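Here's model-v2.cif, which has mmCIF, C-alpha atoms and all ligand atoms:
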data_run
#
loop_
_atom_site.label_atom_id
_atom_site.label_comp_id
_atom_site.auth_asym_id
_atom_site.auth_seq_id
_atom_site.Cartn_x
_atom_site.Cartn_y
_atom_site.Cartn_z
CA MET J 4 19.18 4.70 -11.80
CA ASN J 5 18.05 1.18 -11.17
CA ILE J 6 16.40 1.93 -7.89
CA LEU J 7 13.87 -0.83 -7.79
CA ARG J 8 10.69 0.65 -6.43
CA ILE J 9 7.65 -1.26 -7.41
CA HIS J 10 4.05 -0.59 -6.51
CA GLY J 11 3.18 -2.55 -3.43
CA LEU J 12 6.78 -3.64 -2.83
CA PRO J 13 7.22 -1.90 0.55
CA VAL J 14 4.03 -3.64 1.72
CA LEU J 15 5.31 -6.99 0.47
CA LEU J 16 8.62 -6.60 2.28
CA ASP J 17 6.71 -5.95 5.46
CA ARG J 18 5.75 -8.91 7.69
CA PRO J 19 2.19 -9.35 8.94
CA GLN J 20 1.68 -8.62 12.64
CA GLY J 21 1.95 -11.63 14.92
CA LYS J 22 2.03 -15.14 13.51
CA GLY J 23 0.29 -14.44 10.22
CA MET J 24 0.35 -16.53 7.07
CA VAL J 25 1.51 -15.24 3.69
CA VAL J 26 0.68 -17.13 0.52
CA SER J 27 2.90 -16.33 -2.48
CA CYS J 28 1.85 -17.65 -5.85
CA TYR J 29 3.72 -17.65 -9.15
CA ALA J 30 1.87 -18.69 -12.27
CA ASP J 31 2.20 -19.26 -15.96
CA THR J 32 -0.86 -17.40 -17.26
CA SER J 33 0.07 -17.58 -20.94
CA VAL J 34 -2.92 -18.34 -23.11
CA VAL J 35 -3.72 -21.95 -23.96
CA GLU J 36 -6.23 -23.57 -26.28
CA GLY J 37 -9.04 -25.18 -24.34
CA PHE J 38 -10.58 -24.55 -20.95
CA GLU J 39 -7.92 -25.31 -18.39
CA PRO J 40 -5.32 -22.58 -17.73
CA ARG J 41 -1.69 -23.72 -17.58
CA TRP J 42 -1.48 -22.91 -13.90
CA GLY J 43 -4.56 -25.01 -13.01
CA PRO J 44 -3.26 -28.56 -12.41
CA PRO J 45 0.22 -27.66 -11.00
CA LEU J 46 -1.24 -25.25 -8.45
CA GLN J 47 -3.95 -27.76 -7.47
CA GLN J 48 -1.16 -30.26 -6.80
CA GLU J 49 0.81 -27.72 -4.72
CA ALA J 50 -2.34 -26.83 -2.77
CA ARG J 51 -2.88 -30.52 -1.93
CA GLU J 52 0.68 -30.67 -0.54
CA VAL J 53 0.03 -27.60 1.61
CA ARG J 54 -3.21 -29.09 2.99
CA LYS J 55 -1.34 -32.28 3.84
CA ARG J 56 1.34 -30.29 5.65
CA LEU J 57 -1.24 -28.30 7.64
CA ALA J 58 -3.45 -31.36 8.31
CA ASP J 59 -3.38 -31.05 12.11
CA ASP J 60 -4.14 -27.31 12.08
CA PRO J 61 -7.71 -26.74 10.82
CA GLU J 62 -7.54 -23.00 11.49
CA SER J 63 -4.50 -22.61 9.23
CA ILE J 64 -6.14 -24.72 6.51
CA GLN J 65 -9.18 -22.48 6.63
CA GLU J 66 -6.99 -19.39 6.31
CA PHE J 67 -5.03 -20.97 3.46
CA GLU J 68 -8.27 -21.77 1.58
CA ARG J 69 -9.47 -18.17 2.03
CA GLN J 70 -6.26 -16.75 0.55
CA LEU J 71 -6.10 -19.36 -2.20
CA LYS J 72 -9.61 -18.39 -3.34
CA LEU J 73 -8.58 -14.72 -3.67
CA ILE J 74 -5.42 -15.71 -5.53
CA ARG J 75 -7.31 -17.94 -8.00
CA GLU J 76 -9.77 -15.14 -8.72
CA SER J 77 -6.88 -12.79 -9.42
CA LEU J 78 -5.16 -15.29 -11.74
CA LYS J 79 -8.35 -15.72 -13.75
CA SER J 80 -8.60 -11.96 -14.26
CA GLY J 81 -4.99 -11.81 -15.50
CA ASP J 82 -5.77 -13.81 -18.62
CA HIS J 83 -5.41 -10.98 -21.14
CA GLY J 84 -3.17 -9.67 -23.90
CA GLY J 85 0.57 -9.68 -23.35
CA VAL J 86 0.36 -11.02 -19.79
CA ARG J 87 2.19 -14.34 -19.60
CA GLY J 88 2.98 -14.58 -15.95
CA MET J 89 1.64 -13.37 -12.62
CA ALA J 90 3.01 -13.08 -9.12
CA VAL J 91 0.18 -12.87 -6.58
CA PHE J 92 0.57 -12.33 -2.86
CA CYS J 93 -1.95 -12.55 -0.03
CA ARG J 94 -1.69 -12.24 3.74
CA SER J 95 -3.69 -13.12 6.85
CA ASP J 96 -4.44 -9.47 7.52
CA TRP J 97 -5.56 -8.71 3.93
CA ASP J 98 -8.91 -9.19 2.24
CA ARG J 99 -7.31 -8.52 -1.15
CA VAL J 100 -4.20 -9.57 -3.04
CA ILE J 101 -1.26 -7.77 -4.61
CA ALA J 102 -0.93 -9.07 -8.16
CA ILE J 103 1.91 -8.15 -10.48
CA GLU J 104 1.69 -8.98 -14.16
CA SER J 105 4.68 -9.92 -16.26
CA ASP J 106 5.37 -10.48 -19.94
CA VAL J 107 7.16 -13.73 -19.14
CA ALA J 108 5.63 -16.86 -17.64
CA TYR J 109 6.67 -17.84 -14.13
CA PRO J 110 7.14 -21.52 -13.30
CA ASN J 111 3.97 -22.40 -11.32
CA ARG J 112 4.59 -22.31 -7.60
CA LEU J 113 2.71 -21.87 -4.33
CA VAL J 114 4.63 -20.95 -1.17
CA VAL J 115 3.09 -20.69 2.30
CA ASP J 116 5.27 -18.96 4.87
CA GLU J 117 5.36 -16.25 7.50
CA GLU J 118 6.56 -13.74 4.90
CA ALA J 119 6.24 -13.23 1.17
CA TYR J 120 8.53 -15.33 -1.03
CA LEU J 121 9.83 -12.67 -3.43
CA VAL J 122 12.93 -14.18 -5.05
CA PRO J 123 11.47 -15.15 -8.49
CA PHE J 124 9.65 -11.81 -8.73
CA LEU J 125 12.66 -9.72 -7.68
CA ILE J 126 14.99 -11.57 -10.05
CA GLU J 127 12.57 -11.05 -12.93
CA GLU J 128 12.24 -7.32 -12.20
CA LEU J 129 15.98 -6.82 -11.69
CA GLU J 130 16.99 -8.90 -14.67
CA ARG J 131 14.69 -7.06 -17.03
CA PRO J 132 14.24 -3.48 -15.80
CA ARG J 133 11.39 -1.49 -17.35
CA TYR J 134 11.96 1.62 -19.46
CA LEU J 135 9.63 3.94 -21.32
CA ALA J 136 10.61 4.18 -24.98
CA ILE J 137 9.28 7.14 -26.97
CA LEU J 138 9.39 6.95 -30.73
CA THR J 139 8.53 10.21 -32.42
CA ASP J 140 8.82 12.34 -35.54
CA SER J 141 7.25 15.77 -36.05
CA HIS J 142 3.58 14.67 -35.95
CA ARG J 143 3.20 11.10 -34.68
CA GLY J 144 4.52 9.23 -31.73
CA ARG J 145 4.35 5.91 -29.91
CA ILE J 146 5.08 5.15 -26.29
CA TYR J 147 6.28 1.69 -25.35
CA GLU J 148 7.17 -0.06 -22.15
CA ALA J 149 10.52 -1.59 -23.08
CA ARG J 150 12.24 -4.46 -21.33
CA SER J 151 15.17 -6.63 -22.43
CA GLY J 152 14.02 -8.37 -25.58
CA SER J 153 10.44 -7.12 -25.61
CA ALA J 154 8.30 -4.02 -25.83
CA ARG J 155 4.62 -3.31 -25.31
CA LEU J 156 2.77 -0.41 -26.95
CA LEU J 157 1.18 1.74 -24.24
CA ASP J 158 -0.10 4.68 -26.27
CA GLU J 159 0.16 6.33 -29.67
CA LEU J 160 -0.97 9.57 -31.25
CA GLU J 161 -0.92 11.36 -34.57
CA GLU J 162 -1.73 14.99 -35.30
CA ASP J 163 -2.24 17.15 -38.37
CA VAL J 164 0.94 19.04 -39.10
CA PRO J 165 1.31 20.74 -42.51
CA ARG J 166 4.17 19.40 -44.59
CA LYS J 167 7.36 21.36 -44.93
CA ASN J 168 7.02 23.69 -47.93
CA ARG J 169 9.96 22.78 -50.11
CA SER J 170 8.81 24.28 -53.42
CA ALA J 171 9.93 27.84 -53.98
CA GLY J 172 6.95 28.41 -56.34
CA GLU J 173 5.16 31.66 -56.18
CA ARG J 174 4.81 31.84 -52.42
CA TRP J 175 7.61 34.03 -51.27
CA GLY J 176 8.44 36.26 -48.39
CA LYS J 177 5.75 36.97 -45.85
CA GLN J 178 3.31 34.28 -46.93
CA GLN J 179 5.95 31.55 -46.78
CA ALA J 180 7.11 32.72 -43.37
CA THR J 181 3.51 32.52 -42.11
CA ILE J 182 3.19 28.94 -43.36
CA ALA J 183 6.49 27.97 -41.72
CA ARG J 184 5.40 29.56 -38.44
CA HIS J 185 2.08 27.76 -38.55
CA ARG J 186 3.91 24.47 -39.08
CA GLU J 187 6.17 25.14 -36.10
CA GLU J 188 3.14 25.93 -33.93
CA CYS J 189 1.49 22.66 -34.96
CA ILE J 190 4.64 20.67 -34.14
CA LEU J 191 4.90 22.37 -30.75
CA HIS J 192 1.25 21.55 -30.07
CA TYR J 193 1.90 17.92 -31.02
CA PHE J 194 4.99 17.77 -28.74
CA LYS J 195 2.99 19.16 -25.83
CA ASP J 196 0.33 16.49 -26.35
CA LEU J 197 2.98 13.78 -26.51
CA VAL J 198 4.59 15.06 -23.31
CA HIS J 199 1.17 14.95 -21.66
CA ARG J 200 0.70 11.30 -22.73
CA VAL J 201 4.20 10.42 -21.47
CA GLU J 202 3.41 12.00 -18.11
CA GLU J 203 0.28 9.86 -17.90
CA VAL J 204 2.13 6.57 -18.33
CA TRP J 205 5.41 7.50 -16.67
CA ASP J 206 5.52 5.64 -13.46
CA GLU J 207 8.49 6.54 -11.38
CA PRO J 208 8.42 3.54 -9.05
CA THR J 209 8.43 1.14 -11.97
CA HIS J 210 10.28 2.72 -14.87
CA GLN J 211 14.05 3.07 -14.69
CA GLY J 212 14.46 5.63 -17.43
CA ILE J 213 13.36 6.99 -20.79
CA ILE J 214 14.70 5.98 -24.21
CA LEU J 215 14.12 8.35 -27.14
CA LEU J 216 13.98 7.08 -30.72
CA GLY J 217 13.91 9.38 -33.74
CA GLU J 218 15.90 11.88 -35.72
CA HIS J 219 18.30 13.89 -33.60
CA GLU J 220 17.01 17.34 -34.55
CA ILE J 221 13.39 16.42 -33.80
CA LEU J 222 14.36 14.74 -30.54
CA GLU J 223 16.27 17.85 -29.46
CA ASN J 224 13.11 19.92 -29.93
CA PHE J 225 10.98 17.35 -28.15
CA ARG J 226 13.46 17.16 -25.26
CA ALA J 227 13.10 20.93 -24.78
CA GLU J 228 9.36 20.43 -24.11
CA LEU J 229 9.86 17.72 -21.48
CA PRO J 230 9.58 18.86 -17.87
CA GLU J 231 12.89 18.70 -16.00
CA ARG J 232 11.92 15.65 -13.91
CA LEU J 233 11.37 13.61 -17.12
CA ALA J 234 14.24 15.07 -19.18
CA HIS J 235 16.44 14.02 -16.31
CA LYS J 236 15.42 10.38 -16.81
CA ILE J 237 16.54 10.07 -20.44
CA VAL J 238 19.10 7.26 -20.57
CA ALA J 239 19.61 6.97 -24.33
CA GLU J 240 18.79 8.55 -27.65
CA ILE J 241 18.66 6.16 -30.59
CA PRO J 242 18.70 7.41 -34.20
CA HIS J 243 15.59 6.13 -35.93
CA ALA J 244 13.94 7.11 -39.20
CA TRP J 245 10.17 6.69 -39.27
CA ALA J 246 9.43 5.18 -42.64
CA GLY J 247 6.76 2.72 -43.74
CA GLU J 248 4.76 0.46 -41.43
CA GLN J 249 7.55 -0.44 -39.00
CA PRO J 250 6.47 -4.04 -38.39
CA ALA J 251 9.47 -5.04 -36.25
CA ILE J 252 9.62 -1.92 -34.09
CA GLU J 253 8.69 -3.80 -30.88
CA ASP J 254 11.65 -6.15 -31.39
CA GLN J 255 13.92 -3.21 -32.09
CA VAL J 256 12.85 -1.36 -28.95
CA GLY J 257 13.30 -4.53 -26.89
CA GLN J 258 16.78 -4.92 -28.39
CA VAL J 259 17.65 -1.32 -27.48
CA ALA J 260 16.52 -1.98 -23.89
CA SER J 261 18.78 -5.09 -23.73
CA GLU J 262 21.75 -3.04 -24.90
CA ILE J 263 21.12 -0.29 -22.36
CA VAL J 264 20.86 -2.82 -19.54
CA LEU J 265 24.18 -4.36 -20.61
CA VAL J 266 25.89 -0.95 -20.76
CA GLU J 267 24.57 -0.12 -17.27
CA ARG J 268 25.85 -3.43 -15.90
CA LYS J 269 29.31 -2.96 -17.39
CA LYS J 270 29.44 0.60 -16.07
CA ILE J 271 28.63 -0.40 -12.49
CA LEU J 272 31.11 -3.32 -12.56
CA ALA J 273 33.83 -1.02 -13.92
CA ASP J 274 33.15 1.41 -11.07
CA LEU J 275 33.32 -1.47 -8.60
CA ASP J 276 36.58 -2.67 -10.11
CA ARG J 277 38.11 0.80 -10.04
CA ARG J 278 37.26 1.16 -6.35
CA LEU J 279 38.59 -2.31 -5.53
CA GLN J 280 41.91 -1.43 -7.17
CA LYS J 281 42.08 1.86 -5.30
CA GLY J 282 41.00 0.08 -2.12
CA GLY J 283 38.32 2.53 -1.08
CA ALA J 284 34.57 3.10 -0.78
CA VAL J 285 33.70 -0.49 -1.60
CA THR J 286 32.98 -3.74 0.21
CA THR J 287 32.39 -7.32 -0.98
CA GLY J 288 30.82 -10.46 0.45
CA PRO J 289 27.46 -10.93 2.22
CA GLN J 290 28.42 -10.26 5.85
CA GLU J 291 30.37 -7.10 4.92
CA VAL J 292 27.49 -5.85 2.80
CA ILE J 293 24.97 -6.54 5.58
CA GLN J 294 27.12 -4.48 7.96
CA ALA J 295 27.45 -1.60 5.49
CA LEU J 296 23.66 -1.61 4.95
CA ALA J 297 23.05 -1.53 8.70
CA ASN J 298 25.42 1.45 8.97
CA GLY J 299 23.62 3.29 6.17
CA GLN J 300 26.84 3.45 4.12
CA VAL J 301 25.65 1.83 0.92
CA GLN J 302 25.31 3.88 -2.23
CA ALA J 303 24.66 0.99 -4.62
CA LEU J 304 24.34 -2.75 -4.25
CA VAL J 305 25.57 -5.16 -6.92
CA PHE J 306 24.18 -8.70 -6.85
CA GLY J 307 25.07 -11.92 -8.58
CA PRO J 308 22.52 -14.74 -8.96
CA ASP J 309 20.81 -16.20 -5.89
CA LEU J 310 22.92 -19.11 -4.70
CA GLY J 311 20.15 -20.26 -2.37
CA GLU J 312 22.25 -19.64 0.74
CA ALA J 313 20.63 -19.45 4.14
CA GLY J 314 20.96 -16.62 6.61
CA TRP J 315 19.98 -16.35 10.29
CA ARG J 316 17.93 -13.42 11.45
CA CYS J 317 17.29 -12.33 15.01
CA ASP J 318 13.52 -12.16 15.64
CA GLN J 319 14.03 -9.24 18.05
CA CYS J 320 16.71 -6.83 16.80
CA ARG J 321 16.55 -8.14 13.17
CA SER J 322 20.33 -8.55 12.98
CA LEU J 323 21.27 -10.81 10.09
CA PHE J 324 24.07 -13.39 10.09
CA THR J 325 25.60 -15.48 7.35
CA THR J 326 26.67 -18.22 9.76
CA GLU J 327 24.26 -20.23 11.89
CA GLU J 328 23.37 -18.46 15.12
CA ARG J 329 20.83 -20.02 17.48
CA ALA J 330 20.82 -17.04 19.80
CA CYS J 331 21.56 -13.50 18.68
CA PRO J 332 25.04 -12.43 19.88
CA TYR J 333 23.67 -8.92 20.56
CA CYS J 334 20.30 -9.43 22.28
CA LYS J 335 20.24 -13.22 22.95
CA SER J 336 16.89 -13.65 21.17
CA THR J 337 16.17 -16.60 18.90
CA CYS J 338 17.41 -16.51 15.32
CA GLU J 339 15.44 -18.01 12.46
CA ARG J 340 16.60 -19.35 9.14
CA VAL J 341 15.86 -17.04 6.19
CA ASP J 342 16.73 -16.76 2.49
CA LEU J 343 19.95 -14.73 2.63
CA TRP J 344 19.67 -13.29 -0.86
CA GLN J 345 16.06 -12.12 -0.42
CA GLU J 346 16.82 -10.74 3.04
CA ILE J 347 19.78 -8.61 1.88
CA LEU J 348 17.87 -7.40 -1.14
CA ALA J 349 14.85 -6.53 1.00
CA ARG J 350 17.06 -4.48 3.31
CA ALA J 351 18.60 -2.63 0.36
CA LEU J 352 15.14 -1.88 -1.08
CA ASN J 353 13.85 -0.71 2.28
CA HIS J 354 16.79 1.69 2.48
CA GLN J 355 16.01 2.94 -1.06
CA VAL J 356 19.45 1.85 -2.19
CA GLU J 357 20.30 1.58 -5.89
CA VAL J 358 20.32 -2.09 -6.88
CA HIS J 359 22.08 -3.72 -9.83
CA TYR J 360 21.63 -7.36 -10.73
CA ILE J 361 24.17 -9.28 -12.78
CA PRO J 362 22.59 -12.51 -14.05
CA ALA J 363 24.59 -15.72 -14.47
CA ASP J 364 24.18 -15.75 -18.27
CA SER J 365 25.52 -12.21 -18.72
CA GLY J 366 29.13 -13.41 -18.80
CA LEU J 367 29.86 -10.85 -16.05
CA ARG J 368 30.75 -11.64 -12.44
CA VAL J 369 30.33 -9.77 -9.19
CA PRO J 370 33.40 -9.91 -6.91
CA GLY J 371 32.37 -11.78 -3.75
CA GLU J 372 28.96 -12.61 -5.39
CA ILE J 373 27.60 -9.50 -3.73
CA ALA J 374 29.27 -6.11 -3.37
CA ALA J 375 28.40 -2.59 -2.32
CA LEU J 376 29.65 0.78 -3.45
CA LEU J 377 29.89 2.89 -0.31
CA LEU J 378 28.92 6.49 0.15
CA ARG J 379 32.17 7.73 1.62
CA GLU J 380 35.29 7.85 -0.46
CA GLU J 381 37.56 6.68 2.34
CA PRO J 382 37.89 2.97 3.21
CA GLN J 383 35.28 1.55 5.58
CA TRP J 384 37.74 1.00 8.46
CA THR J 385 38.89 4.61 8.79
ZN ZN B 401 19.20 -9.65 18.29
#
Take the structure I supplied and represent it as structure tokens, if you would.
Ligand SMILES: [Zn+2]
Amino acid sequence: MNILRIHGLPVLLDRPQGKGMVVSCYADTSVVEGFEPRWGPPLQQEAREVRKRLADDPESIQEFERQLKLIRESLKSGDHGGVRGMAVFCRSDWDRVIAIESDVAYPNRLVVDEEAYLVPFLIEELERPRYLAILTDSHRGRIYEARSGSARLLDELEEDVPRKNRSAGERWGKQQATIARHREECILHYFKDLVHRVEEVWDEPTHQGIILLGEHEILENFRAELPERLAHKIVAEIPHAWAGEQPAIEDQVGQVASEIVLVERKKILADLDRRLQKGGAVTTGPQEVIQALANGQVQALVFGPDLGEAGWRCDQCRSLFTTEERACPYCKSTCERVDLWQEILARALNHQVEVHYIPADSGLRVPGEIAALLLREEPQWT
């Protein structure tokens, strides 16, 4: 659960070889009336600032312009339904960009650095994890991508299934049994098609789980048709009667996703609390968490909001420190200032560690602002 693996993320966490330049761009691509996109003027202004800063380095300016051109092209192509924000990344050693679309607008921003600036993107993905929501009855289904407060229809299908024969009438015995069997076969066929569609859109790196909506009995039958790897990912089953046009279903699915996220957050904090009381298999605070990550002890990482704190990272052995270090205490190499929050998160993601994010407005708090559940049940110092 909540293992954040996003397409392209491992590449983004990676640094370019040598002294390369990475341009990270966040944009509000929501549709406006008129010709100028929302991101136009603010990004032009940011680009002017960058050119000013690089004024005595024509080579860097040339490289910046090359990447900026690719980024602008990508932003223009992202101007379509449901996409309100885009995070676009480019690097000196790339002739393409990695662009990630979002259903919320990002504040416009252009960052030029030696590595990708991922904080706004990571917060957005962690704050609003993506689920697949499947709404089905016995002959029609819809598949949504659900996030807190919103849902997007990905696919839908409807098949011919004969109605249940409720009238006793003159059809008795064998004939009625044949009709009932035919109906069951049609439903099974429909379920198999729905499963096939789900498999097509299910994207393990991106989706955190599956939410089922429908009547319990039907969902039980549908569940039985799901392959194990998908059945395993079901996080909730929500009773839902399919009646009428269902105009507000997107809102409802988005609401369900919000509730699931909240339940998950409370569950992980309760686990953390239980371990803190018992005094085992848990650690809190940035430096302790960094150590536990380096030792490969972390089972799950729980983050509060980014407080914008700096960290110092050795450019040789990559050791990370929460207090200023000019020379690495281990290998004596130079340390550089980094974004502590992004750096810890990047390490957790590189180690494929489960990550939970507790936003400031959730009313919940992470002990020590950052904490880790450890793999071993005994305390860290034993
Ligand atoms: Zn070092």
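Checking J:Asp342, J:Glu372, J:Glu161, J:Asp276 one by one against Tyr120 of chain J, counting all atoms listed in the file, you find the shortest gap at J:Asp342.
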Near-ligand residues for ligand ZN 401 (chain B), threshold 7 Å, only C-alpha atoms and all ligand atoms, as an MDAnalysis selection string: chainID J and resid 317:322 331:336
Atom pair atom CA of Arg278 of chain J / atom CA of Leu265 of chain J: separation (Å):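 About the pair atom CA of Arg278 of chain J and atom CA of Leu265 of chain J: they are 20.1 Å apart.
Counting all atoms listed in the file and comparing J:Glu118, J:Asp274, J:Glu76, J:Glu203, the residue that lies closest to Leu157 of chain J is J:Glu203.
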Using all atoms listed in the file: which of J:Thr287, J:Pro165, J:Ile137, J:Gln280 has the shortest distance to Ala239 of chain J: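 The closest residue to Ala239 of chain J is J:Ile137.
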Atomic distance atom CA of Leu343 of chain J - atom CA of Leu279 of chain J, expressed in Å with one decimal: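 Interatomic distance here is 23.8 Å.
Between Gln300 of chain J and the residues J:Ala260, J:Val114, J:Leu378, J:Asp96, the shortest atom-to-atom distance, using all atoms listed in the file, involves J:Leu378.
In terms of minimum interatomic distance to Arg268 of chain J, J:Tyr360 ranks closest within J:Tyr360, J:Phe225, J:Trp315, J:Tyr147, counting all atoms listed in the file.
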For atom CA of Val301 of chain J and atom CA of Cys338 of chain J, the interatomic separation in Å (one decimal): 24.7 Å
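Residue nearest Phe67 of chain J within the list J:Gly257, J:Pro110, J:Gly282, J:Gly23: J:Gly23 [criterion: smallest interatomic distance, only C-alpha atoms].
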Cut-off 10 Å around (12.7, -9.8, -6.6) with only C-alpha atoms: residues as a VMD selection string: chain J and resid 7 9 12 120 to 130 344 to 345 348 to 349 352
Exercise: Gly299 of chain J partners within 12 Å, all atoms listed in the file, chain neighbours under 3 positions left out, as a PyMOL selection string: chain J and resi 292-296+302-303+350-351+353-356+375-379+383
Please write a file for segment 143-219 of chain J, taken from the block I just shared, that holds C-alpha atoms and is laid out as a compact mmCIF listing (two decimals), in the first residue's frame.
# COMPACT_ATOMS: atom_id res chain seq x y z
CA ARG J 143 -22.72 -2.39 -17.26
CA GLY J 144 -19.66 -0.97 -15.65
CA ARG J 145 -17.52 2.14 -15.42
CA ILE J 146 -13.88 2.45 -14.51
CA TYR J 147 -12.65 5.67 -12.91
CA GLU J 148 -9.35 6.98 -11.75
CA ALA J 149 -10.26 8.24 -8.28
CA ARG J 150 -8.31 10.74 -6.21
CA SER J 151 -9.32 12.69 -3.10
CA GLY J 152 -12.23 14.85 -4.16
CA SER J 153 -12.23 13.98 -7.85
CA ALA J 154 -12.67 11.15 -10.31
CA ARG J 155 -12.07 10.78 -14.03
CA LEU J 156 -13.91 8.26 -16.22
CA LEU J 157 -11.35 6.03 -17.95
CA ASP J 158 -13.60 3.45 -19.60
CA GLU J 159 -17.15 2.13 -19.62
CA LEU J 160 -18.99 -0.79 -21.13
CA GLU J 161 -22.46 -2.24 -21.37
CA GLU J 162 -23.51 -5.67 -22.59
CA ASP J 163 -26.75 -7.45 -23.42
CA VAL J 164 -27.79 -9.57 -20.48
CA PRO J 165 -31.36 -10.96 -20.40
CA ARG J 166 -33.41 -9.72 -17.48
CA LYS J 167 -34.07 -11.96 -14.53
CA ASN J 168 -37.26 -13.92 -15.21
CA ARG J 169 -39.46 -13.11 -12.25
CA SER J 170 -42.86 -14.14 -13.65
CA ALA J 171 -43.80 -17.72 -12.94
CA GLY J 172 -46.08 -17.74 -16.03
CA GLU J 173 -46.17 -20.79 -18.15
CA ARG J 174 -42.43 -21.31 -18.41
CA TRP J 175 -41.61 -23.88 -15.82
CA GLY J 176 -38.99 -26.46 -15.15
CA LYS J 177 -36.42 -27.14 -17.82
CA GLN J 178 -37.14 -24.11 -20.00
CA GLN J 179 -36.83 -21.71 -17.07
CA ALA J 180 -33.60 -23.33 -15.94
CA THR J 181 -32.19 -22.88 -19.46
CA ILE J 182 -33.07 -19.18 -19.44
CA ALA J 183 -31.48 -18.72 -16.00
CA ARG J 184 -28.33 -20.51 -17.15
CA HIS J 185 -28.13 -18.38 -20.27
CA ARG J 186 -28.41 -15.26 -18.12
CA GLU J 187 -25.60 -16.45 -15.85
CA GLU J 188 -23.40 -17.14 -18.88
CA CYS J 189 -24.04 -13.63 -20.20
CA ILE J 190 -23.16 -12.07 -16.83
CA LEU J 191 -19.97 -14.12 -16.65
CA HIS J 192 -19.07 -12.99 -20.17
CA TYR J 193 -19.68 -9.38 -19.17
CA PHE J 194 -17.52 -9.78 -16.01
CA LYS J 195 -14.69 -11.24 -18.06
CA ASP J 196 -14.84 -8.26 -20.44
CA LEU J 197 -14.85 -5.85 -17.52
CA VAL J 198 -11.85 -7.59 -15.95
CA HIS J 199 -10.06 -7.30 -19.29
CA ARG J 200 -10.76 -3.54 -19.40
CA VAL J 201 -9.56 -3.15 -15.80
CA GLU J 202 -6.34 -4.97 -16.65
CA GLU J 203 -5.80 -2.55 -19.53
CA VAL J 204 -5.98 0.56 -17.34
CA TRP J 205 -4.55 -0.87 -14.13
CA ASP J 206 -1.18 0.65 -13.73
CA GLU J 207 0.68 -0.76 -10.81
CA PRO J 208 3.29 1.98 -10.49
CA THR J 209 0.61 4.65 -10.31
CA HIS J 210 -2.50 3.19 -8.72
CA GLN J 211 -2.51 2.43 -5.02
CA GLY J 212 -5.49 0.12 -4.97
CA ILE J 213 -8.92 -0.77 -6.31
CA ILE J 214 -12.28 0.44 -4.97
CA LEU J 215 -15.40 -1.56 -5.88
CA LEU J 216 -18.83 0.07 -5.99
CA GLY J 217 -22.05 -1.89 -6.40
CA GLU J 218 -24.34 -4.38 -4.75
CA HIS J 219 -22.53 -6.83 -2.52
